[in-house]
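Printed here is input-v8.txt (compact mmCIF, C-alpha atoms and all ligand atoms):
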```txt
# COMPACT_ATOMS: atom_id res chain seq x y z
CA MET Z 783 142.33 74.05 115.00
CA GLN Z 784 144.94 72.98 117.51
CA LEU Z 785 146.21 74.12 120.86
CA PRO Z 786 149.56 75.91 120.62
CA ALA Z 787 152.41 73.36 120.49
CA CYS Z 788 153.82 74.52 123.83
CA THR Z 789 150.43 73.92 125.52
CA ARG Z 790 150.19 70.43 124.03
CA GLU Z 791 153.68 69.68 125.30
CA LYS Z 792 152.86 70.92 128.79
CA ILE Z 793 149.69 68.81 128.92
CA ALA Z 794 151.70 65.75 127.87
CA GLN Z 795 154.27 66.49 130.60
CA LEU Z 796 151.59 66.95 133.26
CA SER Z 797 150.16 63.50 132.60
CA ALA Z 798 153.41 61.67 131.82
CA ASP Z 799 153.33 59.67 135.07
CA VAL Z 800 149.69 58.62 134.84
CA PRO Z 801 149.07 55.20 133.25
CA LEU Z 802 147.07 55.33 130.02
CA THR Z 803 144.41 52.94 131.38
CA GLU Z 804 143.76 55.25 134.35
CA LEU Z 805 143.48 58.31 132.09
CA ARG Z 806 141.15 56.47 129.73
CA ARG Z 807 138.88 55.35 132.60
CA ALA Z 808 138.85 58.93 133.91
CA ALA Z 809 137.99 60.30 130.45
CA GLU Z 810 135.08 57.84 130.15
CA ARG Z 811 133.82 58.73 133.63
CA LEU Z 812 134.12 62.45 132.92
CA SER Z 813 132.11 62.12 129.73
CA ALA Z 814 129.41 60.03 131.50
CA THR Z 815 129.26 62.52 134.39
CA TYR Z 816 128.74 65.42 131.99
CA LYS Z 817 126.09 63.48 130.05
CA ASP Z 818 124.22 62.79 133.33
CA GLY Z 819 124.46 66.48 134.27
CA ASP Z 820 126.16 65.49 137.54
CA PHE Z 821 128.56 68.45 137.42
CA GLY Z 822 129.31 68.56 141.13
CA SER Z 823 131.25 65.28 140.97
CA ALA Z 824 132.94 65.81 137.59
CA PHE Z 825 136.39 66.52 139.05
CA ASP Z 826 136.53 63.93 141.80
CA SER Z 827 140.14 62.85 141.20
CA PRO Z 828 143.45 64.17 139.83
CA ALA Z 829 143.02 61.81 136.85
CA ALA Z 830 139.60 63.36 136.05
CA ARG Z 831 141.20 66.80 135.88
CA LEU Z 832 144.01 65.53 133.66
CA ALA Z 833 141.45 63.82 131.44
CA TYR Z 834 139.73 67.22 131.00
CA LEU Z 835 143.00 68.66 129.69
CA HIS Z 836 143.21 65.95 127.07
CA VAL Z 837 139.64 65.43 125.92
CA ARG Z 838 137.81 68.71 126.61
CA LEU Z 839 140.26 71.61 126.80
CA PRO Z 840 141.31 71.37 123.11
CA ALA Z 841 137.63 71.49 122.11
CA THR Z 842 136.52 74.32 124.42
CA PHE Z 843 139.66 76.27 123.43
CA ALA Z 844 138.78 75.82 119.74
CA ALA Z 845 135.14 76.88 120.24
CA CYS Z 846 136.28 79.94 122.16
CA ALA Z 847 138.94 80.85 119.58
CA LEU Z 848 136.40 80.59 116.76
CA ALA Z 849 133.76 82.63 118.61
CA LEU Z 850 136.33 85.34 119.44
CA GLY Z 851 137.36 85.40 115.77
CA TYR Z 852 133.74 86.05 114.76
CA CYS Z 853 133.52 88.87 117.32
CA VAL Z 854 136.68 90.50 115.97
CA GLU Z 855 135.27 90.46 112.44
CA VAL Z 856 132.30 92.45 113.68
CA MET Z 857 134.38 94.71 115.98
CA PRO Z 858 137.85 94.89 114.40
CA LYS Z 859 139.00 97.68 116.69
CA PHE Z 860 138.20 95.80 119.88
CA ALA Z 861 141.50 95.30 121.76
CA PRO Z 862 140.73 94.29 125.34
CA GLN Z 863 143.33 94.91 128.00
CA SER Z 864 141.50 93.04 130.76
CA LEU Z 865 139.76 89.66 130.80
CA LEU Z 866 137.48 88.11 133.39
CA ASP Z 867 137.00 84.36 132.86
CA LEU Z 868 134.06 82.86 134.77
CA GLY Z 869 134.21 79.14 135.61
CA SER Z 870 137.65 79.20 134.03
CA GLY Z 871 138.59 75.54 134.61
CA PRO Z 872 142.17 75.04 133.38
CA GLY Z 873 142.11 78.33 131.45
CA SER Z 874 140.87 77.22 128.02
CA ALA Z 875 139.21 80.58 127.28
CA ILE Z 876 142.28 82.46 128.52
CA LEU Z 877 144.51 80.57 126.09
CA ALA Z 878 142.16 81.43 123.22
CA THR Z 879 141.92 85.08 124.27
CA GLN Z 880 145.69 85.50 124.59
CA GLN Z 881 146.06 84.10 121.09
CA GLN Z 882 143.45 86.48 119.66
CA PHE Z 883 144.35 89.62 121.62
CA PRO Z 884 148.03 90.50 122.21
CA SER Z 885 146.61 93.63 123.87
CA LEU Z 886 145.65 91.62 126.96
CA GLN Z 887 147.41 92.71 130.15
CA GLN Z 888 145.27 91.77 133.10
CA ILE Z 889 143.53 88.42 133.55
CA VAL Z 890 141.25 87.34 136.38
CA ALA Z 891 140.06 83.72 136.46
CA ILE Z 892 137.33 82.59 138.83
CA GLU Z 893 137.05 78.84 139.38
CA ARG Z 894 135.71 76.81 142.29
CA ASP Z 895 137.81 73.68 141.65
CA ALA Z 896 141.30 74.45 142.95
CA GLY Z 897 142.88 71.39 141.28
CA LEU Z 898 141.64 72.40 137.84
CA ALA Z 899 142.52 76.06 138.39
CA LYS Z 900 146.08 75.08 139.27
CA PHE Z 901 146.57 73.81 135.72
CA ALA Z 902 145.96 77.32 134.42
CA ASN Z 903 149.22 78.37 136.10
CA ASP Z 904 151.02 75.54 134.30
CA LEU Z 905 149.47 76.18 130.90
CA ILE Z 906 149.21 79.95 130.64
CA SER Z 907 152.15 82.22 130.08
CA GLY Z 908 152.07 85.52 131.92
CA SER Z 909 150.32 86.19 135.15
CA VAL Z 910 146.74 85.24 135.91
CA GLN Z 911 144.98 86.33 139.06
CA GLN Z 912 143.26 83.13 140.17
CA ARG Z 913 140.28 83.38 142.48
CA ALA Z 914 138.86 80.24 144.10
CA ALA Z 915 135.29 81.47 144.47
CA ASP Z 916 131.68 80.82 143.53
CA ILE Z 917 130.77 82.87 140.46
CA ARG Z 918 127.16 83.07 141.68
CA THR Z 919 128.06 85.11 144.73
CA THR Z 920 131.55 86.59 144.43
CA ALA Z 921 132.14 90.18 143.29
CA LEU Z 922 133.09 90.37 139.60
CA GLU Z 923 135.96 92.59 138.45
CA ARG Z 924 135.10 95.15 135.78
CA SER Z 925 136.81 93.99 132.59
CA ASP Z 926 136.96 94.83 128.89
CA LEU Z 927 136.13 91.24 127.99
CA VAL Z 928 134.09 88.88 130.16
CA ILE Z 929 133.78 85.22 129.14
CA ALA Z 930 131.60 82.42 130.48
CA SER Z 931 132.70 79.36 128.53
CA TYR Z 932 130.84 76.08 129.03
CA CYS Z 933 129.95 76.89 132.63
CA LEU Z 934 126.41 78.29 132.71
CA GLY Z 935 124.90 74.81 132.28
CA GLU Z 936 126.32 74.11 135.73
CA ILE Z 937 124.38 76.99 137.26
CA ALA Z 938 120.75 76.41 138.28
CA SER Z 939 118.37 78.03 135.80
CA LYS Z 940 116.83 80.30 138.43
CA GLU Z 941 120.28 81.73 139.23
CA ARG Z 942 121.55 82.04 135.68
CA LEU Z 943 120.11 85.37 134.59
CA ASP Z 944 121.14 86.98 137.84
CA LEU Z 945 124.72 85.86 137.14
CA ILE Z 946 124.41 87.17 133.57
CA ASP Z 947 123.21 90.55 134.89
CA ARG Z 948 126.26 90.75 137.16
CA ALA Z 949 128.59 89.59 134.35
CA TRP Z 950 127.11 92.24 132.04
CA ALA Z 951 127.44 94.91 134.72
CA ALA Z 952 131.14 93.96 134.97
CA THR Z 953 131.62 94.17 131.18
CA THR Z 954 133.09 97.37 129.81
CA GLY Z 955 133.54 96.00 126.26
CA VAL Z 956 132.25 92.57 125.25
CA LEU Z 957 130.52 89.72 127.07
CA LEU Z 958 130.89 86.31 125.41
CA VAL Z 959 128.89 83.27 126.53
CA ILE Z 960 129.58 79.84 125.04
CA GLU Z 961 127.63 76.66 125.71
CA PRO Z 962 127.60 73.15 124.21
CA GLY Z 963 125.92 73.09 120.80
CA THR Z 964 122.98 71.01 121.99
CA PRO Z 965 119.29 72.01 122.10
CA GLU Z 966 119.74 72.62 125.85
CA GLY Z 967 122.87 74.74 125.36
CA TYR Z 968 121.10 76.74 122.64
CA GLY Z 969 118.10 77.17 124.97
CA ARG Z 970 120.33 78.76 127.60
CA ILE Z 971 121.97 81.03 125.00
CA LEU Z 972 118.55 82.06 123.68
CA ALA Z 973 117.31 83.00 127.16
CA ILE Z 974 120.47 85.08 127.72
CA ARG Z 975 120.12 86.71 124.28
CA ASP Z 976 116.52 87.73 124.91
CA HIS Z 977 117.32 88.96 128.40
CA LEU Z 978 120.30 91.11 127.39
CA LEU Z 979 118.56 92.51 124.31
CA ARG Z 980 115.66 93.62 126.51
CA GLY Z 981 118.24 95.37 128.69
CA GLY Z 982 119.65 97.31 125.72
CA ALA Z 983 122.88 95.35 125.08
CA GLN Z 984 124.29 95.59 121.53
CA MET Z 985 124.47 92.37 119.52
CA VAL Z 986 127.92 91.36 118.27
CA ALA Z 987 127.59 87.72 117.13
CA PRO Z 988 126.39 85.35 115.88
CA CYS Z 989 123.06 87.01 115.06
CA PRO Z 990 122.97 89.45 112.11
CA HIS Z 991 119.85 91.07 113.61
CA VAL Z 992 118.11 91.69 116.92
CA GLN Z 993 114.73 90.29 115.94
CA ARG Z 994 113.48 87.01 117.41
CA CYS Z 995 115.65 83.99 116.65
CA PRO Z 996 114.14 82.27 113.59
CA MET Z 997 115.02 78.86 115.06
CA GLN Z 998 113.09 79.54 118.24
CA GLY Z 999 110.13 77.17 118.58
CA THR Z 1000 111.33 74.91 115.73
CA ASN Z 1001 113.11 71.54 115.92
CA ASP Z 1002 116.29 73.31 114.90
CA TRP Z 1003 118.81 75.02 117.15
CA CYS Z 1004 121.51 77.58 116.43
CA HIS Z 1005 124.96 76.08 116.79
CA PHE Z 1006 128.33 76.04 115.08
CA ALA Z 1007 131.29 73.68 114.84
CA ALA Z 1008 134.99 74.02 115.55
CA ARG Z 1009 137.19 71.37 113.97
CA VAL Z 1010 139.74 70.16 116.51
CA GLU Z 1011 142.86 68.19 115.56
CA ARG Z 1012 143.29 65.23 117.89
CA THR Z 1013 146.67 64.22 119.27
CA SER Z 1014 147.38 60.47 119.22
CA LEU Z 1015 146.82 60.35 123.01
CA HIS Z 1016 143.49 62.15 122.57
CA ARG Z 1017 142.52 59.47 119.99
CA GLN Z 1018 143.54 56.69 122.35
CA LEU Z 1019 141.63 58.15 125.28
CA LYS Z 1020 138.47 58.44 123.20
CA SER Z 1021 139.06 55.16 121.33
CA ALA Z 1022 138.59 57.27 118.21
CA ALA Z 1023 139.87 56.51 114.73
CA LEU Z 1024 139.52 59.98 113.18
CA GLY Z 1025 142.32 62.51 113.46
CA HIS Z 1026 139.87 65.29 114.26
CA GLU Z 1027 136.54 65.97 115.93
CA ASP Z 1028 133.95 68.68 115.40
CA GLU Z 1029 133.12 70.48 118.61
CA LYS Z 1030 129.56 71.79 118.41
CA PHE Z 1031 128.88 74.96 120.33
CA SER Z 1032 126.29 77.71 120.72
CA TYR Z 1033 127.34 81.20 121.64
CA VAL Z 1034 126.32 84.80 121.92
CA ALA Z 1035 128.37 87.97 122.32
CA PHE Z 1036 127.16 91.42 123.31
CA ALA Z 1037 128.94 94.75 123.43
CA ARG Z 1038 128.45 98.13 125.04
CA GLU Z 1039 129.01 99.81 121.66
CA THR Z 1040 127.10 99.27 118.44
CA ALA Z 1041 128.77 96.72 116.19
CA HIS Z 1042 128.62 96.52 112.39
CA LEU Z 1043 126.52 93.37 111.95
CA PRO Z 1044 126.79 91.32 108.75
CA ALA Z 1045 123.88 91.01 106.31
CA SER Z 1046 123.49 87.34 107.22
CA ARG Z 1047 125.29 84.38 108.79
CA ILE Z 1048 125.79 80.83 107.51
CA VAL Z 1049 123.99 78.44 109.85
CA ARG Z 1050 124.81 75.06 108.19
CA HIS Z 1051 127.68 73.51 106.31
CA PRO Z 1052 127.47 75.08 102.82
CA ARG Z 1053 126.75 72.41 100.22
CA GLN Z 1054 129.01 72.48 97.18
CA LEU Z 1055 127.21 70.91 94.26
CA GLY Z 1056 128.00 70.83 90.54
CA GLY Z 1057 128.37 74.47 89.51
CA HIS Z 1058 126.60 75.95 92.51
CA VAL Z 1059 126.80 76.32 96.28
CA LYS Z 1060 123.75 76.14 98.54
CA LEU Z 1061 123.85 78.36 101.60
CA GLU Z 1062 121.50 78.36 104.58
CA LEU Z 1063 121.36 81.81 106.08
CA CYS Z 1064 120.07 83.56 109.16
CA VAL Z 1065 118.94 86.94 107.84
CA ASP Z 1066 116.11 88.14 110.04
CA GLY Z 1067 113.56 86.95 112.56
CA GLU Z 1068 111.24 85.33 110.05
CA ARG Z 1069 112.89 82.10 108.91
CA ILE Z 1070 116.16 80.53 107.80
CA ARG Z 1071 116.67 81.34 104.11
CA GLN Z 1072 118.32 79.33 101.39
CA GLU Z 1073 120.51 81.01 98.80
CA VAL Z 1074 121.99 79.34 95.76
CA VAL Z 1075 125.15 80.89 94.34
CA THR Z 1076 125.92 79.74 90.82
CA ARG Z 1077 129.16 79.67 88.87
CA SER Z 1078 127.91 82.50 86.67
CA GLN Z 1079 128.00 84.86 89.71
CA LYS Z 1080 131.79 84.82 89.44
CA ALA Z 1081 133.08 86.72 92.52
CA GLU Z 1082 130.22 85.57 94.76
CA TYR Z 1083 130.74 81.96 93.68
CA ARG Z 1084 134.45 82.15 94.49
CA ALA Z 1085 133.56 83.50 97.94
CA ALA Z 1086 130.81 80.90 98.46
CA ARG Z 1087 133.23 78.05 97.75
CA ARG Z 1088 135.48 79.30 100.54
CA ILE Z 1089 132.78 80.16 103.05
CA ARG Z 1090 132.27 78.04 106.16
CA TRP Z 1091 129.45 77.28 108.56
CA GLY Z 1092 129.41 80.14 111.08
CA ASP Z 1093 130.88 82.78 108.76
CA ALA Z 1094 129.28 86.10 107.91
CA TRP Z 1095 127.74 86.31 104.45
CA PRO Z 1096 128.75 88.10 102.34
CA PRO Z 1097 132.17 87.75 103.96
CA TYR Z 1098 133.71 90.80 105.55
CA THR Z 1099 136.42 92.48 103.54
CA ASP Z 1100 139.00 94.89 104.97
CA GLY Z 1101 137.37 98.15 105.87
CA ASP Z 1102 133.85 96.68 106.11
CA ALA Z 1103 133.46 97.00 109.83
CA GLY Z 1104 134.33 100.01 111.84
C1 LIG Z 1201 132.88 72.48 131.68
S1 LIG Z 1201 133.99 73.36 132.68
C2 LIG Z 1201 134.49 74.67 131.57
C3 LIG Z 1201 135.85 75.16 131.90
C4 LIG Z 1201 136.38 76.21 130.95
N1 LIG Z 1201 135.66 77.44 131.04
C5 LIG Z 1201 136.39 75.71 129.53
O1 LIG Z 1201 135.74 76.33 128.67
O2 LIG Z 1201 137.05 74.70 129.25
C6 LIG Z 1201 132.94 74.26 133.79
C7 LIG Z 1201 133.74 74.91 134.89
O3 LIG Z 1201 132.91 75.79 135.62
C8 LIG Z 1201 133.24 75.67 136.99
N2 LIG Z 1201 132.09 76.11 137.79
C9 LIG Z 1201 130.82 75.64 137.73
N3 LIG Z 1201 130.04 76.28 138.61
C10 LIG Z 1201 130.83 77.17 139.24
C11 LIG Z 1201 130.60 78.12 140.27
N4 LIG Z 1201 129.39 78.26 140.81
N5 LIG Z 1201 131.63 78.90 140.69
C12 LIG Z 1201 132.87 78.76 140.13
N6 LIG Z 1201 133.16 77.86 139.16
C13 LIG Z 1201 132.15 77.08 138.72
C14 LIG Z 1201 133.51 74.17 137.15
O4 LIG Z 1201 134.26 73.87 138.32
C15 LIG Z 1201 134.26 73.87 135.87
O5 LIG Z 1201 135.64 74.05 136.00
```

Can you present the structure in this file as structure tokens?
Amino acid sequence: MQLPACTREKIAQLSADVPLTELRRAAERLSATYKDGDFGSAFDSPAARLAYLHVRLPATFAACALALGYCVEVMPKFAPQSLLDLGSGPGSAILATQQQFPSLQQIVAIERDAGLAKFANDLISGSVQQRAADIRTTALERSDLVIASYCLGEIASKERLDLIDRAWAATTGVLLVIEPGTPEGYGRILAIRDHLLRGGAQMVAPCPHVQRCPMQGTNDWCHFAARVERTSLHRQLKSAALGHEDEKFSYVAFARETAHLPASRIVRHPRQLGGHVKLELCVDGERIRQEVVTRSQKAEYRAARRIRWGDAWPPYTDGDAG
């Protein structure tokens, strides 16, 4: 997955006057700051904010785009007109939402870092109502789609569920929460999942059921991967040889209306072996199941060879979901 070409061009223009060595140092510092959990000082310079555009925005955009795609499969008629983006940064989730939903008319972005928020005006076409505020305390606009992308890890755990309650109260259609695909990110998603299910919210994705998460209490954690194409500058800033990276993310989406959940979801890279494909599936609250699809199961085998980690299984076909 790649950012739209015009966004890539704008990001290149925005950093054209900054020496590569300065951007690279800023990218390294940003990554170290996030690893240390020292979020308050992440954007301590203009170069740090530019570095985010190069090394994080393409990945958070891709994770968001993929998660929204999964939601649409489950709720094909969902066409939000309004979006509320919490901790919006430079607008990564807005870019992904605009791409997925041409229906979008009204966008509110709440971000405490004014320098980062300013980039959203440069990168996003159409008008965005920017609010420089603290998402923990500010009033939240009622919106068809509410997104919290990679920001809840920056909120103290004792304040998180209160914020989720307010975000859910503001949601008229779907609430999507995305976190890094680490055990910690999954832990936050799990707590939100349990909390919202107890409150009667309707599961959209990724879970095909509303029983307990079968990975809970194991060494495993539910996460997915978005493949992100790297630009040559992105490669240079990360001193990376590969032309792509896999952004690991955990997510959960809830709706006000009942969604048509799939029978199961693929929770690992499918393994294509001679004449058969091995799938690992989340089916229910008991355990992760393995399914082997052999060449003799003609149509299923064809589908299994195309299926990806994160997809619904069996795949949705037109008319499946209402
Ligand atoms: C890792 S960035 C994610 C940005 C964007 N949502 C994305 O997916 O790329 C987290 C953002 O949340 C913002 N943030 C964290 N806590 C916040 C708060 N209490 N109020 C407003 N913004 C906050 C940070 O300033 C930062 O821009």

Can I get the residues close to ligand LIG 1201 (chain Z) as a list in words, where close means within 7 Å and we count all atoms listed in the file?
->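 Using all atoms listed in the file, everything at most 7 Å from ligand LIG 1201 (chain Z) comes to Arg838, Leu839, Thr842, Phe843, Leu868, Gly869, Ser870, Gly871, Pro872, Gly873, Ser874, Ala875, Ile892, Glu893, Arg894, Asp895, Leu898, Ala915, Asp916, Ile917, Arg918, Ala930, Ser931, Tyr932, Cys933, Glu936 and Ile937 of chain Z.
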
Which of these residues is nearest to Z:Thr789, using only C-alpha atoms: Z:Val986, Z:Ala896, Z:Leu905, Z:Cys853?
->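 Smallest separation from Z:Thr789 among the options: Z:Leu905.
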
So how far away is atom CA of Z:Ile960 from atom CA of Z:Ala983, in Å?
->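 Spanning atom CA of Z:Ala983 to atom CA of Z:Ile960 is a straight-line distance of 16.9 Å.
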
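For the pair atom CA of Z:Pro862 and atom CA of Z:Phe883, the separation is 7.0 Å.
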
Atom-to-atom span, atom CA of Z:Pro1052 and atom CA of Z:Asp1066, Å | 18.8 Å

Measuring atom to atom with only C-alpha atoms, identify which of Z:Arg1069, Z:Lys900, Z:Arg913, Z:Arg1038 is nearest to Z:Thr1000.
-> Z:Arg1069

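If you count all atoms listed in the file and draw a sphere of 12 Å around (133.0, 81.6, 89.4), the protein and nucleic acid residues inside it come out as Gly1056, Gly1057, His1058, Val1059, Val1075, Thr1076, Arg1077, Ser1078, Gln1079, Lys1080, Ala1081, Glu1082, Tyr1083, Arg1084, Ala1085, Ala1086, Arg1087 and Arg1088 of chain Z.
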